[in-house]
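The data block below is input_28.tsv; it holds TSV, C-alpha atoms.
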```tsv
chain	number	residue	atom	x	y	z
Y	9	MET	CA	5.60	17.71	-27.50
Y	10	GLU	CA	3.89	15.11	-29.66
Y	11	LEU	CA	3.73	17.57	-32.56
Y	12	VAL	CA	7.39	18.49	-32.03
Y	13	LEU	CA	8.31	14.79	-32.30
Y	14	GLN	CA	6.20	14.36	-35.45
Y	15	LYS	CA	7.93	17.29	-37.14
Y	16	PHE	CA	11.35	16.15	-35.91
Y	17	ILE	CA	10.83	12.79	-37.64
Y	18	VAL	CA	10.08	14.51	-40.95
Y	19	HIS	CA	13.03	16.90	-40.75
Y	20	PHE	CA	15.47	14.28	-39.46
Y	21	ASN	CA	14.59	11.88	-42.27
Y	22	ASP	CA	14.90	14.67	-44.85
Y	23	ILE	CA	18.40	15.54	-43.67
Y	24	PHE	CA	19.86	12.36	-42.14
Y	25	GLY	CA	17.73	9.63	-43.70
Y	26	SER	CA	20.73	7.77	-45.07
Y	27	CYS	CA	22.69	7.47	-41.80
Y	28	ASP	CA	24.14	4.10	-40.94
Y	29	GLU	CA	24.25	2.14	-37.67
Y	30	ARG	CA	27.45	3.82	-36.47
Y	31	PHE	CA	25.14	6.60	-35.33
Y	32	LEU	CA	25.41	7.05	-31.55
Y	33	GLU	CA	22.61	7.80	-29.13
Y	34	GLU	CA	24.53	10.91	-28.05
Y	35	GLU	CA	24.40	12.21	-31.65
Y	36	GLY	CA	20.63	11.73	-31.70
Y	37	ARG	CA	20.30	13.72	-28.50
Y	38	LYS	CA	22.34	16.57	-29.96
Y	39	TYR	CA	20.28	16.65	-33.15
Y	40	PHE	CA	17.03	16.64	-31.17
Y	41	LEU	CA	18.21	19.41	-28.82
Y	42	LEU	CA	19.37	21.51	-31.77
Y	43	TYR	CA	15.89	21.09	-33.22
Y	44	LEU	CA	14.13	21.76	-29.91
Y	45	ARG	CA	16.10	24.77	-28.70
Y	46	PRO	CA	14.58	27.43	-30.99
Y	47	ILE	CA	11.10	26.08	-30.20
Y	48	ILE	CA	11.45	26.50	-26.43
Y	49	ASN	CA	13.68	29.58	-26.58
Y	50	GLY	CA	12.52	32.13	-24.03
Y	51	THR	CA	9.55	30.04	-22.92
Y	52	GLY	CA	11.24	26.99	-21.50
Y	53	ASN	CA	14.40	25.09	-20.73
Y	54	TYR	CA	15.79	21.58	-21.00
Y	55	TYR	CA	17.96	19.46	-18.74
Y	56	ILE	CA	20.28	16.71	-19.93
Y	57	GLU	CA	20.71	13.61	-17.78
Y	58	ALA	CA	18.87	15.03	-14.79
Y	59	ARG	CA	18.95	12.72	-11.78
Y	60	THR	CA	15.91	11.28	-10.11
Y	61	ARG	CA	15.76	10.82	-6.33
Y	62	ASP	CA	17.07	7.26	-6.69
Y	63	LEU	CA	20.02	8.59	-8.76
Y	64	CYS	CA	18.83	7.29	-12.13
Y	65	ARG	CA	19.57	9.61	-15.06
Y	66	THR	CA	16.88	10.69	-17.47
Y	67	ASP	CA	17.99	11.57	-21.01
Y	68	VAL	CA	16.18	14.90	-21.40
Y	69	ILE	CA	13.62	16.81	-19.38
Y	70	VAL	CA	11.94	19.78	-21.03
Y	71	ASP	CA	10.16	22.50	-19.06
Y	72	TYR	CA	7.92	24.44	-21.41
Y	73	ASN	CA	4.97	26.71	-20.72
Y	74	GLY	CA	4.49	25.37	-17.20
Y	75	GLU	CA	4.59	21.70	-18.31
Y	76	GLN	CA	7.34	19.14	-17.82
Y	77	TYR	CA	8.14	16.54	-20.48
Y	78	ILE	CA	10.33	13.50	-19.76
Y	79	ILE	CA	12.04	12.18	-22.89
Y	80	GLU	CA	14.05	8.98	-23.20
Y	81	MET	CA	16.14	8.37	-26.33
Y	82	LYS	CA	17.23	5.00	-27.66
Y	83	ILE	CA	18.76	3.45	-30.72
Y	84	TRP	CA	16.53	0.62	-31.96
Y	85	ARG	CA	18.21	-2.68	-31.15
Y	86	GLY	CA	15.19	-4.95	-31.24
Y	87	SER	CA	11.85	-5.18	-29.50
Y	88	GLU	CA	13.24	-6.62	-26.24
Y	89	TYR	CA	15.66	-3.69	-25.88
Y	90	ASN	CA	12.83	-1.31	-26.77
Y	91	ASN	CA	10.56	-2.86	-24.12
Y	92	ARG	CA	13.27	-2.28	-21.50
Y	93	GLY	CA	13.44	1.35	-22.63
Y	94	GLU	CA	9.69	1.69	-22.19
Y	95	SER	CA	9.90	0.22	-18.68
Y	96	GLN	CA	12.81	2.51	-17.85
Y	97	LEU	CA	10.79	5.54	-18.97
Y	98	ALA	CA	7.76	4.38	-16.95
Y	99	ALA	CA	9.99	4.28	-13.84
Y	100	TYR	CA	11.15	7.84	-14.55
Y	101	LEU	CA	7.52	8.92	-14.88
Y	102	ASP	CA	6.84	7.44	-11.44
Y	103	ALA	CA	9.78	9.39	-10.01
Y	104	TYR	CA	8.43	12.63	-11.49
Y	105	HIS	CA	4.77	11.87	-10.60
Y	106	THR	CA	3.53	12.14	-14.16
Y	107	LYS	CA	1.53	9.84	-16.42
Y	108	VAL	CA	2.82	10.69	-19.93
Y	109	GLY	CA	6.37	10.32	-21.24
Y	110	TYR	CA	8.12	10.38	-24.59
Y	111	LEU	CA	10.43	7.81	-26.18
Y	112	LEU	CA	12.47	8.88	-29.20
Y	113	SER	CA	13.86	5.82	-31.02
Y	114	PHE	CA	16.44	6.10	-33.77
Y	115	SER	CA	15.96	3.06	-36.02
Y	116	PHE	CA	18.18	2.13	-38.94
Y	117	ASN	CA	16.17	-0.97	-39.78
Y	118	LYS	CA	15.17	-0.89	-43.46
Y	119	ASN	CA	11.67	-2.15	-42.60
Y	120	LYS	CA	11.03	0.38	-39.84
Y	121	GLN	CA	7.69	2.06	-39.34
Y	122	ALA	CA	8.63	5.71	-38.81
Y	123	GLY	CA	6.04	7.76	-36.98
Y	124	VAL	CA	4.46	8.40	-33.61
Y	125	GLN	CA	2.36	5.95	-31.62
Y	126	ARG	CA	0.89	5.74	-28.12
Y	127	ILE	CA	1.79	2.80	-25.90
Y	128	ASN	CA	0.35	1.96	-22.49
Y	129	VAL	CA	2.81	0.64	-19.90
Y	130	GLY	CA	0.85	-0.05	-16.74
Y	131	ASP	CA	-0.94	3.19	-15.87
Y	132	LYS	CA	1.53	5.27	-17.94
Y	133	VAL	CA	1.19	6.50	-21.53
Y	134	ILE	CA	4.32	6.55	-23.63
Y	135	ILE	CA	4.33	8.46	-26.87
Y	136	GLU	CA	6.99	6.77	-28.97
Y	137	ALA	CA	8.47	8.48	-31.99
Y	138	VAL	CA	10.48	6.27	-34.34
Y	139	VAL	CA	12.92	8.06	-36.63
```

Represent the structure from my file as structure tokens, please.
Amino acid sequence: MELVLQKFIVHFNDIFGSCDERFLEEEGRKYFLLYLRPIINGTGNYYIEARTRDLCRTDVIVDYNGEQYIIEMKIWRGSEYNNRGESQLAAYLDAYHTKVGYLLSFSFNKNKQAGVQRINVGDKVIIEAVV
């Protein structure tokens, strides 16, 4: 999944690099799923807004090759908002009894650092991709 996110960043920036802030999180999800679908075709599946036991809704869960990937998507609205997104994802990881999750952030900040990085939140690892 980390490689998929790295390649998504490159392709998204090539095609949509000049988008403005009117971009909606829902649009980002659609673009990512359009990118992901041919990759998992026949070998996996994805679920949009699947509910956890405590009725929280995850953005996307991907089942691929016997593995499950929990992906949260956000539009960058500052580091405090981003930290809340990381905590939210860590809670989802607890609900699904897994240690690694993925955060896809769509940033329209001119000084953004696009790329993939690993972040530790408690005992969880979050792989954050900034587009």

- CA of His19 (chain Y) to CA of Arg45 (chain Y), distance in Å rounded to a single decimal: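 Going from CA of His19 (chain Y) over to CA of Arg45 (chain Y) covers 14.7 Å.
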
- Message: Under the rule that only C-alpha atoms are counted, which of Y:Phe114, Y:Ala99, Y:Arg85, Y:Tyr104 is the nearest residue to Glu35 (chain Y)?
- Response: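 Using only C-alpha atoms, Glu35 (chain Y) sits closest to Y:Phe114.
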
- Item | Near-Trp84 (chain Y) list (10 Å; all atoms listed in the file; drop same-chain fewer than 4 positions) as a ChimeraX atom specification | /Y:29,33,88-90,93,112-117,120,138-139

- Item | Point-to-point distance in Å for CA of Lys118 (chain Y) and CA of Ile79 (chain Y) | 24.6 Å

- Note on the structure: From the list Y:Ile127, Y:Val12, Y:Cys64, Y:Val108, the nearest residue to Gln76 (chain Y) using all atoms listed in the file is Y:Val108

- Message: At a cut-off of 12 Å, using all atoms listed in the file, what residues contact region 51-53 of chain Y? Leave out same-chain residues fewer than 3 positions from it and give the result as a list in words.
- Response: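 Skipping anything fewer than 3 positions along the chain leaves Leu41, Leu44, Arg45, Pro46, Ile47, Ile48, Ile56, Val68, Ile69, Val70, Asp71, Tyr72, Asn73, Gly74, Glu75, Gln76 and Tyr77 of chain Y.
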
- Tell me, in Å to one decimal, how far CA of Asn91 (chain Y) is from CA of Phe20 (chain Y).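 Distance between the two atoms: 23.5 Å.
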
Return the padded bounding box of region 68-85 of chain Y as JSON: axis-aligned, built from all atoms listed in the file, 6 Å added on each side, with centre and edge lengths in Å to one decimal.
```
{"center_x": 11.6, "center_y": 12.0, "center_z": -24.6, "size_x": 26.3, "size_y": 41.4, "size_z": 26.8}
```

- Task: Find, counting only C-alpha atoms, the residue in Y:Leu42, Y:Val124, Y:Ile134, Y:Val129 that gets nearest to Gln14 (chain Y).
- Result: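 Result for the nearest residue to Gln14 (chain Y): Y:Val124.
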
- Residues at most 12 Å from Val133 (chain Y), counting only C-alpha atoms, excluding those fewer than 4 positions away in the same chain, as number ranges by chain? Y: 78, 94-95, 97-99, 101-102, 106-111, 125-129

Output file for the selection above: C-alpha atoms, as a short mmCIF file (atom, residue, chain, number, x, y, z; two decimals), in the coordinates of the input:
```cif
data_model
loop_
_atom_site.label_atom_id
_atom_site.label_comp_id
_atom_site.auth_asym_id
_atom_site.auth_seq_id
_atom_site.Cartn_x
_atom_site.Cartn_y
_atom_site.Cartn_z
CA ILE Y 78 10.33 13.50 -19.76
CA GLU Y 94 9.69 1.69 -22.19
CA SER Y 95 9.90 0.22 -18.68
CA LEU Y 97 10.79 5.54 -18.97
CA ALA Y 98 7.76 4.38 -16.95
CA ALA Y 99 9.99 4.28 -13.84
CA LEU Y 101 7.52 8.92 -14.88
CA ASP Y 102 6.84 7.44 -11.44
CA THR Y 106 3.53 12.14 -14.16
CA LYS Y 107 1.53 9.84 -16.42
CA VAL Y 108 2.82 10.69 -19.93
CA GLY Y 109 6.37 10.32 -21.24
CA TYR Y 110 8.12 10.38 -24.59
CA LEU Y 111 10.43 7.81 -26.18
CA GLN Y 125 2.36 5.95 -31.62
CA ARG Y 126 0.89 5.74 -28.12
CA ILE Y 127 1.79 2.80 -25.90
CA ASN Y 128 0.35 1.96 -22.49
CA VAL Y 129 2.81 0.64 -19.90
#
```

- Choose the residue, out of Y:Phe24, Y:Asp131, Y:Glu136, Y:Lys15, that has the smallest atom-to-atom separation from Gly36 (chain Y); count only C-alpha atoms.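 That would be Y:Phe24, the residue with the smallest distance to Gly36 (chain Y).
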
- Who sits within 9 Å of Arg65 (chain Y), only C-alpha atoms, same chain under 6 positions skipped, as a list in words: Ile56, Glu57, Ala58, Arg59 and Tyr100 of chain Y

- Query: Closest to Ile17 (chain Y) among Y:Arg37, Y:Asp67, Y:Ala122, Y:Ile135, using all atoms listed in the file?
  - Reply: Y:Ala122

- Message: Which residue is closest to Leu13 (chain Y)? Choose from Y:Tyr43, Y:Lys38, Y:Lys82, Y:Tyr55 and count all atoms listed in the file.
- Response: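 Between Y:Tyr43, Y:Lys38, Y:Lys82, Y:Tyr55, the residue approaching Leu13 (chain Y) most closely is Y:Tyr43.
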